[in-house]
file structure_38.cif (mmCIF, C-alpha atoms)
data_work
loop_
_atom_site.label_atom_id
_atom_site.label_comp_id
_atom_site.auth_asym_id
_atom_site.auth_seq_id
_atom_site.Cartn_x
_atom_site.Cartn_y
_atom_site.Cartn_z
CA MET Z 1 46.53 86.12 98.35
CA TYR Z 2 45.54 88.55 101.09
CA ARG Z 3 46.95 86.20 103.73
CA LEU Z 4 50.18 85.84 101.78
CA ILE Z 5 50.60 89.62 101.65
CA ARG Z 6 49.85 89.84 105.37
CA LEU Z 7 52.45 87.16 106.03
CA ILE Z 8 55.03 89.05 103.99
CA ILE Z 9 54.27 92.27 105.83
CA LYS Z 10 54.48 90.49 109.18
CA TYR Z 11 57.88 88.96 108.46
CA HIS Z 12 59.20 91.73 106.17
CA PHE Z 13 62.30 92.32 108.33
CA PHE Z 14 63.46 88.72 108.20
CA LEU Z 15 62.54 88.25 104.53
CA LEU Z 16 64.35 91.43 103.52
CA PHE Z 17 67.38 90.27 105.53
CA VAL Z 18 67.45 86.90 103.75
CA PHE Z 19 66.94 88.59 100.39
CA LEU Z 20 69.85 91.04 100.86
CA GLU Z 21 72.17 88.32 102.20
CA VAL Z 22 71.40 86.08 99.21
CA ILE Z 23 72.20 88.98 96.86
CA SER Z 24 75.48 89.59 98.70
CA ILE Z 25 76.50 85.95 98.52
CA LEU Z 26 75.61 85.71 94.83
CA LEU Z 27 77.66 88.83 94.14
CA ALA Z 28 80.56 87.52 96.22
CA VAL Z 29 80.61 84.17 94.46
CA ASN Z 30 80.26 85.60 90.98
CA PHE Z 31 82.70 88.45 91.30
CA ASN Z 32 85.33 87.37 93.78
CA LYS Z 33 85.88 83.72 92.98
CA HIS Z 34 86.05 83.72 89.25
CA HIS Z 35 87.01 87.35 88.79
CA ASN Z 36 85.58 87.63 85.34
CA THR Z 37 84.30 90.98 86.49
CA VAL Z 38 83.80 93.52 83.80
CA TYR Z 39 81.22 95.78 85.39
CA LEU Z 40 82.23 96.54 88.93
CA SER Z 41 85.89 95.86 89.50
CA SER Z 42 88.59 98.47 89.78
CA ALA Z 43 89.70 97.77 86.25
CA ASN Z 44 86.59 99.79 85.55
CA SER Z 45 87.93 103.13 84.46
CA ILE Z 46 85.90 105.37 86.79
CA VAL Z 47 86.97 103.60 89.94
CA GLY Z 48 90.42 103.09 88.46
CA SER Z 49 91.02 106.78 87.95
CA PHE Z 50 89.72 107.49 91.45
CA ASN Z 51 92.19 105.00 92.90
CA SER Z 52 95.08 106.28 90.82
CA LYS Z 53 94.56 109.76 92.32
CA PHE Z 54 95.05 108.35 95.82
CA SER Z 55 98.04 106.28 94.81
CA ASN Z 56 99.57 109.39 93.20
CA ILE Z 57 99.48 111.06 96.58
CA SER Z 58 100.76 108.08 98.52
CA ALA Z 59 103.57 107.54 96.00
CA TYR Z 60 105.21 110.72 97.29
CA LEU Z 61 105.61 109.30 100.75
CA ASP Z 62 108.36 106.85 99.88
CA LEU Z 63 109.98 108.55 96.90
CA ARG Z 64 113.45 108.41 98.40
CA GLU Z 65 113.44 104.66 98.80
CA LYS Z 66 111.94 104.15 95.35
CA ASN Z 67 114.64 106.34 93.80
CA GLU Z 68 117.37 104.31 95.44
CA GLN Z 69 115.82 101.13 94.12
CA LEU Z 70 115.58 102.53 90.61
CA LEU Z 71 119.15 103.84 90.73
CA LYS Z 72 120.38 100.44 91.76
CA GLN Z 73 118.53 98.80 88.94
CA ASN Z 74 119.74 101.39 86.46
CA THR Z 75 123.36 100.76 87.35
CA GLU Z 76 122.78 97.05 86.99
CA LEU Z 77 121.26 97.56 83.56
CA LEU Z 78 124.01 99.96 82.50
CA ASN Z 79 126.55 97.34 83.49
CA LYS Z 80 124.82 94.89 81.23
CA SER Z 81 124.32 97.23 78.28
CA ILE Z 82 126.39 96.70 75.18
CA SER Z 83 127.96 100.16 75.43
CA SER Z 84 129.77 99.12 78.62
CA TYR Z 85 131.64 96.37 76.83
CA ILE Z 86 134.52 96.36 74.40
CA SER Z 87 134.25 93.58 71.91
CA ASN Z 88 137.12 91.10 72.04
CA ILE Z 89 136.44 89.93 68.53
CA GLN Z 90 137.15 92.90 66.33
CA VAL Z 91 136.83 90.88 63.13
CA PHE Z 92 133.11 90.31 63.34
CA ASP Z 93 130.48 92.90 62.88
CA VAL Z 94 127.71 92.15 65.41
CA LYS Z 95 124.27 92.42 63.93
CA HIS Z 96 121.74 92.17 66.65
CA ASP Z 97 118.77 91.90 64.37
CA SER Z 98 119.86 88.80 62.58
CA ILE Z 99 121.50 86.89 65.40
CA TYR Z 100 119.17 87.82 68.22
CA SER Z 101 115.48 88.38 68.01
CA GLN Z 102 113.71 89.89 70.95
CA GLN Z 103 111.55 87.45 72.87
CA TYR Z 104 110.43 89.51 75.87
CA ARG Z 105 109.25 93.11 75.85
CA TYR Z 106 109.13 95.12 79.09
CA ILE Z 107 106.54 97.83 79.72
CA SER Z 108 106.93 99.99 82.82
CA GLY Z 109 103.93 100.81 84.98
CA LYS Z 110 102.73 101.68 88.42
CA VAL Z 111 100.58 99.91 90.98
CA VAL Z 112 97.31 101.76 91.50
CA LYS Z 113 95.94 99.45 94.15
CA ASN Z 114 97.40 96.54 96.08
CA TYR Z 115 95.60 94.18 98.47
CA ILE Z 116 97.49 91.91 100.84
CA TYR Z 117 94.90 91.17 103.52
CA ASN Z 118 92.92 88.44 101.78
CA LYS Z 119 93.63 84.90 100.76
CA HIS Z 120 92.95 85.77 97.14
CA ASN Z 121 94.80 89.04 96.56
CA TYR Z 122 94.76 91.18 93.44
CA LEU Z 123 96.57 94.32 92.27
CA THR Z 124 95.49 96.98 89.83
CA ILE Z 125 98.08 98.60 87.56
CA ASN Z 126 97.85 101.71 85.39
CA LYS Z 127 98.64 100.04 82.04
CA GLY Z 128 96.07 98.31 79.86
CA LEU Z 129 95.25 97.18 76.34
CA LYS Z 130 96.22 100.58 74.92
CA ASN Z 131 99.75 100.13 76.28
CA GLY Z 132 100.06 96.59 74.92
CA VAL Z 133 99.31 94.75 78.14
CA THR Z 134 97.40 91.53 77.52
CA PRO Z 135 96.08 88.92 79.96
CA GLU Z 136 98.65 86.33 81.05
CA SER Z 137 101.55 88.78 80.90
CA GLY Z 138 103.97 88.52 83.81
CA VAL Z 139 104.44 91.39 86.25
CA VAL Z 140 107.74 91.99 88.07
CA CYS Z 141 109.15 94.75 90.25
CA PRO Z 142 112.80 95.69 90.79
CA ASN Z 143 113.07 93.26 93.70
CA GLY Z 144 111.32 90.22 92.24
CA ILE Z 145 108.12 88.89 90.73
CA VAL Z 146 104.71 90.33 91.56
CA GLY Z 147 102.05 88.34 89.70
CA ILE Z 148 100.25 87.64 86.43
CA VAL Z 149 97.79 89.89 84.56
CA SER Z 150 94.31 88.38 84.69
CA LYS Z 151 92.35 90.90 82.66
CA SER Z 152 92.82 94.29 81.04
CA SER Z 153 90.62 97.23 80.25
CA ASP Z 154 91.78 100.07 77.97
CA ASN Z 155 93.88 101.84 80.60
CA PHE Z 156 94.10 99.51 83.58
CA SER Z 157 94.80 95.88 84.27
CA ASN Z 158 93.96 93.52 87.07
CA VAL Z 159 96.87 91.40 88.30
CA ILE Z 160 96.63 88.14 90.26
CA SER Z 161 99.13 88.75 93.03
CA LEU Z 162 101.71 86.13 93.98
CA LEU Z 163 99.89 86.39 97.32
CA ASN Z 164 96.92 84.48 95.93
CA ILE Z 165 96.53 80.90 97.10
CA ASP Z 166 95.28 79.87 93.65
CA LEU Z 167 98.40 81.01 91.79
CA ASN Z 168 101.22 78.56 91.02
CA ILE Z 169 104.50 79.70 89.49
CA SER Z 170 107.17 77.49 87.97
CA ALA Z 171 110.40 78.10 89.91
CA LYS Z 172 113.84 76.51 90.14
CA ILE Z 173 116.84 76.43 92.44
CA LYS Z 174 119.56 78.53 90.88
CA LYS Z 175 122.58 76.40 91.79
CA ASN Z 176 121.37 73.04 90.45
CA ASN Z 177 118.40 73.83 88.18
CA TYR Z 178 115.90 71.52 89.90
CA PHE Z 179 112.45 72.96 89.37
CA GLY Z 180 109.14 72.85 91.19
CA SER Z 181 106.04 74.94 91.67
CA LEU Z 182 105.82 77.92 93.99
CA ASN Z 183 102.60 78.76 95.77
CA TRP Z 184 101.60 81.08 98.61
CA ASP Z 185 100.06 79.27 101.58
CA GLY Z 186 97.88 82.16 102.73
CA GLU Z 187 99.77 82.77 105.96
CA ASP Z 188 102.67 85.24 106.04
CA ILE Z 189 102.98 87.74 103.18
CA HIS Z 190 106.79 87.41 103.26
CA TYR Z 191 106.96 83.64 102.71
CA ALA Z 192 105.76 81.12 100.09
CA LYS Z 193 106.11 77.37 99.63
CA LEU Z 194 108.14 75.58 96.95
CA LYS Z 195 106.88 72.09 96.17
CA GLU Z 196 107.88 69.10 94.05
CA ILE Z 197 111.61 69.16 94.83
CA PRO Z 198 112.62 65.50 95.45
CA PHE Z 199 114.59 64.37 98.51
CA HIS Z 200 117.87 63.61 96.73
CA VAL Z 201 118.46 67.26 95.85
CA ASN Z 202 121.01 69.06 98.03
CA LEU Z 203 119.52 72.15 99.62
CA GLU Z 204 120.89 74.81 101.93
CA VAL Z 205 119.23 77.68 103.71
CA GLY Z 206 119.93 80.80 101.67
CA ASP Z 207 119.84 79.13 98.24
CA THR Z 208 118.44 81.44 95.59
CA ILE Z 209 115.10 80.62 93.92
CA ILE Z 210 114.49 82.01 90.42
CA THR Z 211 111.88 81.60 87.69
CA SER Z 212 112.37 78.51 85.57
CA GLY Z 213 111.42 79.97 82.21
CA TYR Z 214 109.33 76.87 81.49
CA SER Z 215 106.08 78.80 81.49
CA LEU Z 216 105.29 81.24 78.72
CA ILE Z 217 104.85 84.04 81.21
CA PHE Z 218 108.14 84.81 82.92
CA PRO Z 219 111.60 84.75 81.33
CA GLU Z 220 114.26 82.61 83.02
CA ASN Z 221 116.38 83.89 85.92
CA ILE Z 222 114.06 86.41 87.53
CA LEU Z 223 114.63 86.48 91.29
CA ILE Z 224 111.81 85.08 93.46
CA GLY Z 225 113.52 84.74 96.84
CA THR Z 226 115.78 82.62 99.00
CA ILE Z 227 115.23 79.39 100.92
CA SER Z 228 114.57 80.16 104.57
CA GLY Z 229 113.89 76.62 105.73
CA PHE Z 230 113.02 73.12 104.48
CA ASP Z 231 111.54 69.93 105.88
CA LYS Z 232 111.27 66.33 104.79
CA VAL Z 233 107.59 65.43 104.87
CA LYS Z 234 107.08 61.98 106.40
CA GLY Z 235 105.75 59.48 103.89
CA GLY Z 236 106.27 61.85 100.96
CA ASP Z 237 108.82 62.10 98.23
CA PHE Z 238 109.18 65.85 98.15
CA TYR Z 239 110.61 68.54 100.37
CA ASP Z 240 108.43 71.15 102.05
CA ILE Z 241 110.48 74.27 101.33
CA THR Z 242 109.75 77.74 102.73
CA VAL Z 243 110.91 80.59 100.50
CA LYS Z 244 111.49 84.12 101.76
CA LEU Z 245 110.08 86.28 98.97
CA SER Z 246 112.37 89.02 97.68
CA THR Z 247 109.38 91.21 96.80
CA ASP Z 248 108.03 93.18 99.75
CA PHE Z 249 104.31 93.24 98.98
CA ASN Z 250 103.78 95.95 101.59
CA ASN Z 251 105.75 98.22 99.32
CA VAL Z 252 105.23 97.51 95.62
CA ASN Z 253 104.93 100.59 93.46
CA ASN Z 254 106.95 100.64 90.24
CA ILE Z 255 106.53 97.50 88.17
CA TYR Z 256 107.36 96.08 84.74
CA ILE Z 257 104.95 94.08 82.63
CA ILE Z 258 106.58 91.37 80.51
CA ASN Z 259 105.13 90.41 77.12
CA ASN Z 260 106.29 87.21 75.54
CA LEU Z 261 106.51 88.07 71.83
CA LYS Z 262 107.01 84.45 70.83
CA LYS Z 263 104.07 83.13 72.79
CA THR Z 264 101.79 82.25 69.87
CA GLU Z 265 104.65 80.53 68.08
CA ILE Z 266 105.34 78.31 71.11
CA LEU Z 267 101.64 77.71 71.71
CA ASN Z 268 101.16 76.59 68.11
CA LEU Z 269 103.94 74.06 68.57
CA THR Z 270 102.49 72.62 71.75
CA THR Z 271 98.95 72.37 70.40
CA ASP Z 272 100.39 70.31 67.55
CA ASN Z 273 101.83 68.00 70.19
CA ASP Z 274 98.47 67.42 71.74
CA LYS Z 275 96.90 66.21 68.51
CA MET D 1 63.61 114.73 112.20
CA ILE D 2 64.86 116.17 108.90
CA ASN D 3 67.94 117.31 110.76
CA LYS D 4 68.56 113.70 111.86
CA ILE D 5 68.19 112.35 108.32
CA GLY D 6 70.63 114.97 107.03
CA SER D 7 73.23 114.27 109.68
CA ASN D 8 73.01 110.53 109.06
CA ILE D 9 73.45 110.99 105.31
CA ILE D 10 76.51 113.16 105.96
CA ARG D 11 77.87 110.50 108.34
CA PHE D 12 77.29 107.83 105.67
CA ILE D 13 79.28 109.78 103.07
CA PHE D 14 82.04 110.83 105.48
CA LEU D 15 82.60 107.32 106.87
CA ALA D 16 82.55 105.75 103.38
CA VAL D 17 85.12 108.22 102.02
CA PHE D 18 87.27 107.93 105.16
CA GLN D 19 87.21 104.12 104.88
CA ILE D 20 88.04 104.03 101.17
CA ALA D 21 90.60 106.84 101.09
CA ILE D 22 92.47 106.34 104.36
CA LEU D 23 91.70 103.15 106.28
CA ASN D 24 91.86 100.85 103.22
CA ASN D 25 95.40 102.08 102.59
CA ILE D 26 96.73 101.32 106.06
CA ASP D 27 99.15 98.37 105.97
CA LEU D 28 100.05 96.89 109.30
CA GLY D 29 101.60 93.51 108.65
CA GLY D 30 98.61 92.19 106.69
CA TYR D 31 96.69 91.51 109.92
CA LEU D 32 95.10 94.80 110.90
CA SER D 33 92.35 96.18 108.71
CA PRO D 34 90.03 98.50 110.63
CA PHE D 35 86.40 98.84 109.47
CA LEU D 36 85.36 102.15 111.00
CA TYR D 37 82.49 102.52 108.49
CA ILE D 38 80.20 100.28 110.59
CA LEU D 39 79.98 103.20 113.03
CA PHE D 40 77.20 104.42 110.72
CA ILE D 41 75.09 101.32 111.44
CA ILE D 42 75.92 101.54 115.17
CA LEU D 43 74.83 105.17 115.47
CA LEU D 44 71.51 105.08 113.57
CA PRO D 45 68.66 106.44 115.75
CA PHE D 46 66.61 103.92 117.78
CA GLU D 47 63.38 104.60 115.89
CA THR D 48 64.90 103.97 112.44
CA PRO D 49 62.56 101.52 110.64
CA LYS D 50 64.14 98.05 110.67
CA TRP D 51 63.93 97.66 106.90
CA LEU D 52 65.71 100.98 106.43
CA ILE D 53 68.61 99.79 108.61
CA LEU D 54 68.99 96.71 106.40
CA VAL D 55 68.79 98.64 103.14
CA SER D 56 71.18 101.40 104.19
CA ALA D 57 73.64 98.81 105.61
CA PHE D 58 73.50 96.98 102.28
CA PHE D 59 74.24 100.13 100.30
CA LEU D 60 77.05 101.16 102.65
CA GLY D 61 78.58 97.69 102.37
CA ILE D 62 78.33 97.54 98.60
CA THR D 63 79.88 101.05 98.33
CA ILE D 64 82.90 99.92 100.36
CA ASP D 65 83.01 96.68 98.33
CA ILE D 66 83.19 98.41 94.96
CA PHE D 67 86.23 100.37 96.03
CA SER D 68 87.94 97.45 97.79
CA ASP D 69 87.49 94.70 95.15
CA THR D 70 85.59 92.55 97.64
CA ILE D 71 82.15 92.63 95.99
CA GLY D 72 79.50 91.23 98.32
CA LEU D 73 81.68 90.61 101.39
CA HIS D 74 81.28 93.93 103.21
CA ALA D 75 77.62 94.01 102.13
CA PHE D 76 77.03 90.57 103.65
CA ALA D 77 78.70 91.39 106.97
CA SER D 78 77.01 94.81 107.21
CA VAL D 79 73.53 93.46 106.49
CA PHE D 80 74.12 90.78 109.12
CA ILE D 81 74.93 93.24 111.91
CA ALA D 82 72.05 95.44 110.78
CA PHE D 83 69.81 92.40 111.26
CA ALA D 84 71.34 91.64 114.66
CA ARG D 85 71.19 95.28 115.86
CA PRO D 86 67.57 95.36 117.15
CA SER D 87 68.09 92.19 119.23
CA ILE D 88 71.45 93.41 120.57
CA LEU D 89 69.94 96.78 121.51
CA HIS D 90 67.01 94.98 123.13
CA SER D 91 69.28 92.80 125.28
CA PHE D 92 71.36 95.80 126.38
CA ALA D 93 68.34 98.05 127.12
CA PRO D 94 68.33 99.90 130.45
CA HIS D 95 65.49 99.11 132.97
CA ASP D 96 63.21 101.90 131.81
CA GLY D 97 63.95 101.32 128.10
CA TYR D 98 65.38 103.81 125.66
CA SER D 99 63.87 107.29 125.76
CA THR D 100 62.11 108.27 122.54
CA GLY D 101 64.02 110.43 120.10
CA SER D 102 67.46 109.49 121.44
CA THR D 103 70.32 107.89 119.54
CA PRO D 104 72.90 105.31 120.68
CA LEU D 105 75.52 107.96 121.51
CA THR D 106 78.02 107.81 124.37
CA ASN D 107 76.58 110.82 126.18
CA ASN D 108 73.05 109.35 126.23
CA TYR D 109 73.62 106.03 128.01
CA GLY D 110 77.22 106.18 129.18
CA LEU D 111 80.56 105.07 127.78
CA SER D 112 80.49 101.54 129.23
CA TRP D 113 77.05 100.83 127.73
CA PHE D 114 78.22 102.18 124.36
CA PHE D 115 81.45 100.17 124.55
CA ARG D 116 79.66 96.85 125.19
CA TYR D 117 77.12 97.47 122.43
CA SER D 118 79.57 98.60 119.77
CA ALA D 119 82.18 95.96 120.70
CA LEU D 120 79.65 93.18 120.15
CA MET D 121 78.59 94.67 116.79
CA THR D 122 82.23 95.06 115.70
CA ILE D 123 83.29 91.54 116.67
CA ILE D 124 80.31 89.95 114.89
CA HIS D 125 81.05 92.01 111.80
CA SER D 126 84.77 91.14 111.72
CA LEU D 127 84.21 87.43 112.30
CA ILE D 128 81.63 87.21 109.52
CA PHE D 129 83.69 89.28 107.12
CA PHE D 130 86.93 87.33 107.54
CA TYR D 131 85.32 83.86 107.50
CA ILE D 132 83.30 84.67 104.40
CA GLU D 133 86.45 86.09 102.83
CA ALA D 134 88.51 82.96 103.56
CA PHE D 135 85.48 80.89 102.42
CA SER D 136 86.63 77.87 104.41
CA PHE D 137 87.71 76.83 107.87
CA GLU D 138 91.08 75.75 106.51
CA PHE D 139 92.78 78.79 108.02
CA PHE D 140 90.61 78.74 111.14
CA PHE D 141 93.05 80.20 113.67
CA SER D 142 94.79 82.73 111.45
CA THR D 143 91.37 84.00 110.38
CA LEU D 144 90.20 84.18 113.99
CA TRP D 145 93.34 86.04 115.01
CA LYS D 146 92.86 88.46 112.12
CA ALA D 147 89.22 89.08 113.10
CA ILE D 148 90.11 89.71 116.76
CA LEU D 149 92.98 92.09 116.00
CA SER D 150 90.97 93.99 113.40
CA SER D 151 87.92 94.39 115.62
CA ALA D 152 90.14 95.58 118.48
CA PHE D 153 91.67 98.19 116.20
CA THR D 154 88.22 99.19 114.94
CA MET D 155 87.02 99.57 118.56
CA VAL D 156 89.97 101.85 119.37
CA LEU D 157 89.02 104.04 116.40
CA ILE D 158 85.32 104.04 117.32
CA ILE D 159 85.99 105.07 120.93
CA LEU D 160 88.51 107.71 119.81
CA SER D 161 86.05 109.19 117.31
CA ARG D 162 83.30 109.23 120.00
CA LEU D 163 85.54 110.94 122.55
CA LEU D 164 86.52 113.57 119.99
CA THR D 165 82.91 114.38 119.06
CA VAL D 166 81.68 114.40 122.65
CA LYS D 167 84.35 116.91 123.65
CA ARG D 168 83.31 119.20 120.83
CA GLN D 169 79.64 119.28 121.82
#

call {"tool": "encode", "arguments": {"input": "structure_38.cif", "output": "structure tokens"}}
result
Amino acid sequence: MYRLIRLIIKYHFFLLFVFLEVISILLAVNFNKHHNTVYLSSANSIVGSFNSKFSNISAYLDLREKNEQLLKQNTELLNKSISSYISNIQVFDVKHDSIYSQQYRYISGKVVKNYIYNKHNYLTINKGLKNGVTPESGVVCPNGIVGIVSKSSDNFSNVISLLNIDLNISAKIKKNNYFGSLNWDGEDIHYAKLKEIPFHVNLEVGDTIITSGYSLIFPENILIGTISGFDKVKGGDFYDITVKLSTDFNNVNNIYIINNLKKTEILNLTTDNDK
Amino acid sequence: MINKIGSNIIRFIFLAVFQIAILNNIDLGGYLSPFLYILFIILLPFETPKWLILVSAFFLGITIDIFSDTIGLHAFASVFIAFARPSILHSFAPHDGYSTGSTPLTNNYGLSWFFRYSALMTIIHSLIFFYIEAFSFEFFFSTLWKAILSSAFTMVLIILSRLLTVKRQ
């Protein structure tokens, strides 16, 4: 026992080093890979409020650009709103509540923290369970899609960024409706890869890529980006398509969270299928 | 002695806040992320007990981690350079050794000595951080490029900060 203690004292520097590195690796694997972090992540309200103070300050720096973006989107929305149209059919009384039922609800929010340097990137937003944000809601910004909510605390939520090599999003080509899955390859933050488009599809550089609406997360027709190049992979059946993302992840601030109100209904249907 | 402890604690807090509040928010194309906070580990006095270097490096790393959503990564890289520091200092020692009571500052052993020592520490730290972060060698060259650019940027900041403080003294 005495010799053991003497050995520990003699090699305390190396042993302490190994001990601390093992702790670090355990923490890294538990918290970063699976991200079921409840205790120490920025969704934690103390750190979250600290970060939102800094983002409040930095939000002032590009107010002008943000305003222009919002104005542009407002005009687009106004153009679509029912008050801008005159009904051609005067005979019918349009009742929105009986003919249409709302499937997607939008909640506006702000990005509190945004990482783009890693291979697995996450964002933190200032809306949480109290505001009706639940995990697996989609997140979009005025220019395109941003990511998917992974977990929510009362006031903040953690979002898996599109710039995360583990995230796949169902996307389609606007002009001919062929769909595939979109995934970031971990290289350039402005480009992602679209897979599973077969060779017989006609493609052109500049074709628009939008969400397919086949997942329960994003509605159809949300802009993702445009094709910037494509290749036929030798020996494969599918194109290797590079997509220029419309969202500039250097500059994401105002976002909308999308709740699918009919999600449980659809899920119930599909679980019946599985039986 | 107490004075030294106090100034190191202040440096710890200042560098951590500076890293979290300012450097973490710098976006330069997704490739440059300076880690000025390791200046704390570089500047600890020569006689600091080895175990204390490890422990303080771990706490500095974990503090940065909590605020950067990278739990464990900064801690790992910081503890590693804290472990390597005694050997690096030993290999760079002048002929008559380090004089007792001095610290690894520019004005003690010259700018070129300080540059070589801190550059080696910075490069080791960046390489370890980015490879652990990528967790594979799949992106070998982009990760290497990232580590080199970031450590160069960190070195520029370290030298700048040293020049500023030396002028003031």

call {"tool": "resolve_selection", "arguments": {"input": "structure_38.cif", "expression": "the PyMOL selection byres ((chain D and resi 56-63) around 8)", "output": "ChimeraX atom specification"}}
result
/Z:20 /D:12,16,41,52-55,64-67,71-79,82

call {"tool": "interface_residues", "arguments": {"input": "structure_38.cif", "of": "chain Z", "to": "chain D", "cutoff": "10 Å", "atoms": "only C-alpha atoms", "output": "number ranges by chain"}}
result
Z: 12-18, 20-33, 35, 37, 40-43, 47-48, 50-51, 54-55, 58, 113-124, 185-190, 249-251

call {"tool": "write_last_selection", "arguments": {"input": "structure_38.cif", "atoms": "C-alpha atoms", "output": "tab-separated table (two decimals), in the coordinates of the input"}}
result
chain	number	residue	atom	x	y	z
Z	12	HIS	CA	59.20	91.73	106.17
Z	13	PHE	CA	62.30	92.32	108.33
Z	14	PHE	CA	63.46	88.72	108.20
Z	15	LEU	CA	62.54	88.25	104.53
Z	16	LEU	CA	64.35	91.43	103.52
Z	17	PHE	CA	67.38	90.27	105.53
Z	18	VAL	CA	67.45	86.90	103.75
Z	20	LEU	CA	69.85	91.04	100.86
Z	21	GLU	CA	72.17	88.32	102.20
Z	22	VAL	CA	71.40	86.08	99.21
Z	23	ILE	CA	72.20	88.98	96.86
Z	24	SER	CA	75.48	89.59	98.70
Z	25	ILE	CA	76.50	85.95	98.52
Z	26	LEU	CA	75.61	85.71	94.83
Z	27	LEU	CA	77.66	88.83	94.14
Z	28	ALA	CA	80.56	87.52	96.22
Z	29	VAL	CA	80.61	84.17	94.46
Z	30	ASN	CA	80.26	85.60	90.98
Z	31	PHE	CA	82.70	88.45	91.30
Z	32	ASN	CA	85.33	87.37	93.78
Z	33	LYS	CA	85.88	83.72	92.98
Z	35	HIS	CA	87.01	87.35	88.79
Z	37	THR	CA	84.30	90.98	86.49
Z	40	LEU	CA	82.23	96.54	88.93
Z	41	SER	CA	85.89	95.86	89.50
Z	42	SER	CA	88.59	98.47	89.78
Z	43	ALA	CA	89.70	97.77	86.25
Z	47	VAL	CA	86.97	103.60	89.94
Z	48	GLY	CA	90.42	103.09	88.46
Z	50	PHE	CA	89.72	107.49	91.45
Z	51	ASN	CA	92.19	105.00	92.90
Z	54	PHE	CA	95.05	108.35	95.82
Z	55	SER	CA	98.04	106.28	94.81
Z	58	SER	CA	100.76	108.08	98.52
Z	113	LYS	CA	95.94	99.45	94.15
Z	114	ASN	CA	97.40	96.54	96.08
Z	115	TYR	CA	95.60	94.18	98.47
Z	116	ILE	CA	97.49	91.91	100.84
Z	117	TYR	CA	94.90	91.17	103.52
Z	118	ASN	CA	92.92	88.44	101.78
Z	119	LYS	CA	93.63	84.90	100.76
Z	120	HIS	CA	92.95	85.77	97.14
Z	121	ASN	CA	94.80	89.04	96.56
Z	122	TYR	CA	94.76	91.18	93.44
Z	123	LEU	CA	96.57	94.32	92.27
Z	124	THR	CA	95.49	96.98	89.83
Z	185	ASP	CA	100.06	79.27	101.58
Z	186	GLY	CA	97.88	82.16	102.73
Z	187	GLU	CA	99.77	82.77	105.96
Z	188	ASP	CA	102.67	85.24	106.04
Z	189	ILE	CA	102.98	87.74	103.18
Z	190	HIS	CA	106.79	87.41	103.26
Z	249	PHE	CA	104.31	93.24	98.98
Z	250	ASN	CA	103.78	95.95	101.59
Z	251	ASN	CA	105.75	98.22	99.32

call {"tool": "resolve_selection", "arguments": {"input": "structure_38.cif", "expression": "the PyMOL selection byres ((chain Z and resi 197-211) around 8)", "output": "ChimeraX atom specification"}}
result
/Z:169-175,178-180,194-196,212-213,218-230,232,237-239,243

call {"tool": "resolve_selection", "arguments": {"input": "structure_38.cif", "expression": "the PyMOL selection byres ((chain D and resi 103) around 7)", "output": "number ranges by chain"}}
result
D: 43-46, 101-102, 104-105

call {"tool": "atom_distance", "arguments": {"input": "structure_38.cif", "atom1": "atom CA of Ala152 of chain D", "atom2": "atom CA of Leu89 of chain D"}}
result
20.5 Å

call {"tool": "atom_distance", "arguments": {"input": "structure_38.cif", "atom1": "atom CA of Thr154 of chain D", "atom2": "atom CA of Leu36 of chain D"}}
result
5.7 Å

call {"tool": "atom_distance", "arguments": {"input": "structure_38.cif", "atom1": "atom CA of Gly236 of chain Z", "atom2": "atom CA of Asn183 of chain Z"}}
result
18.1 Å
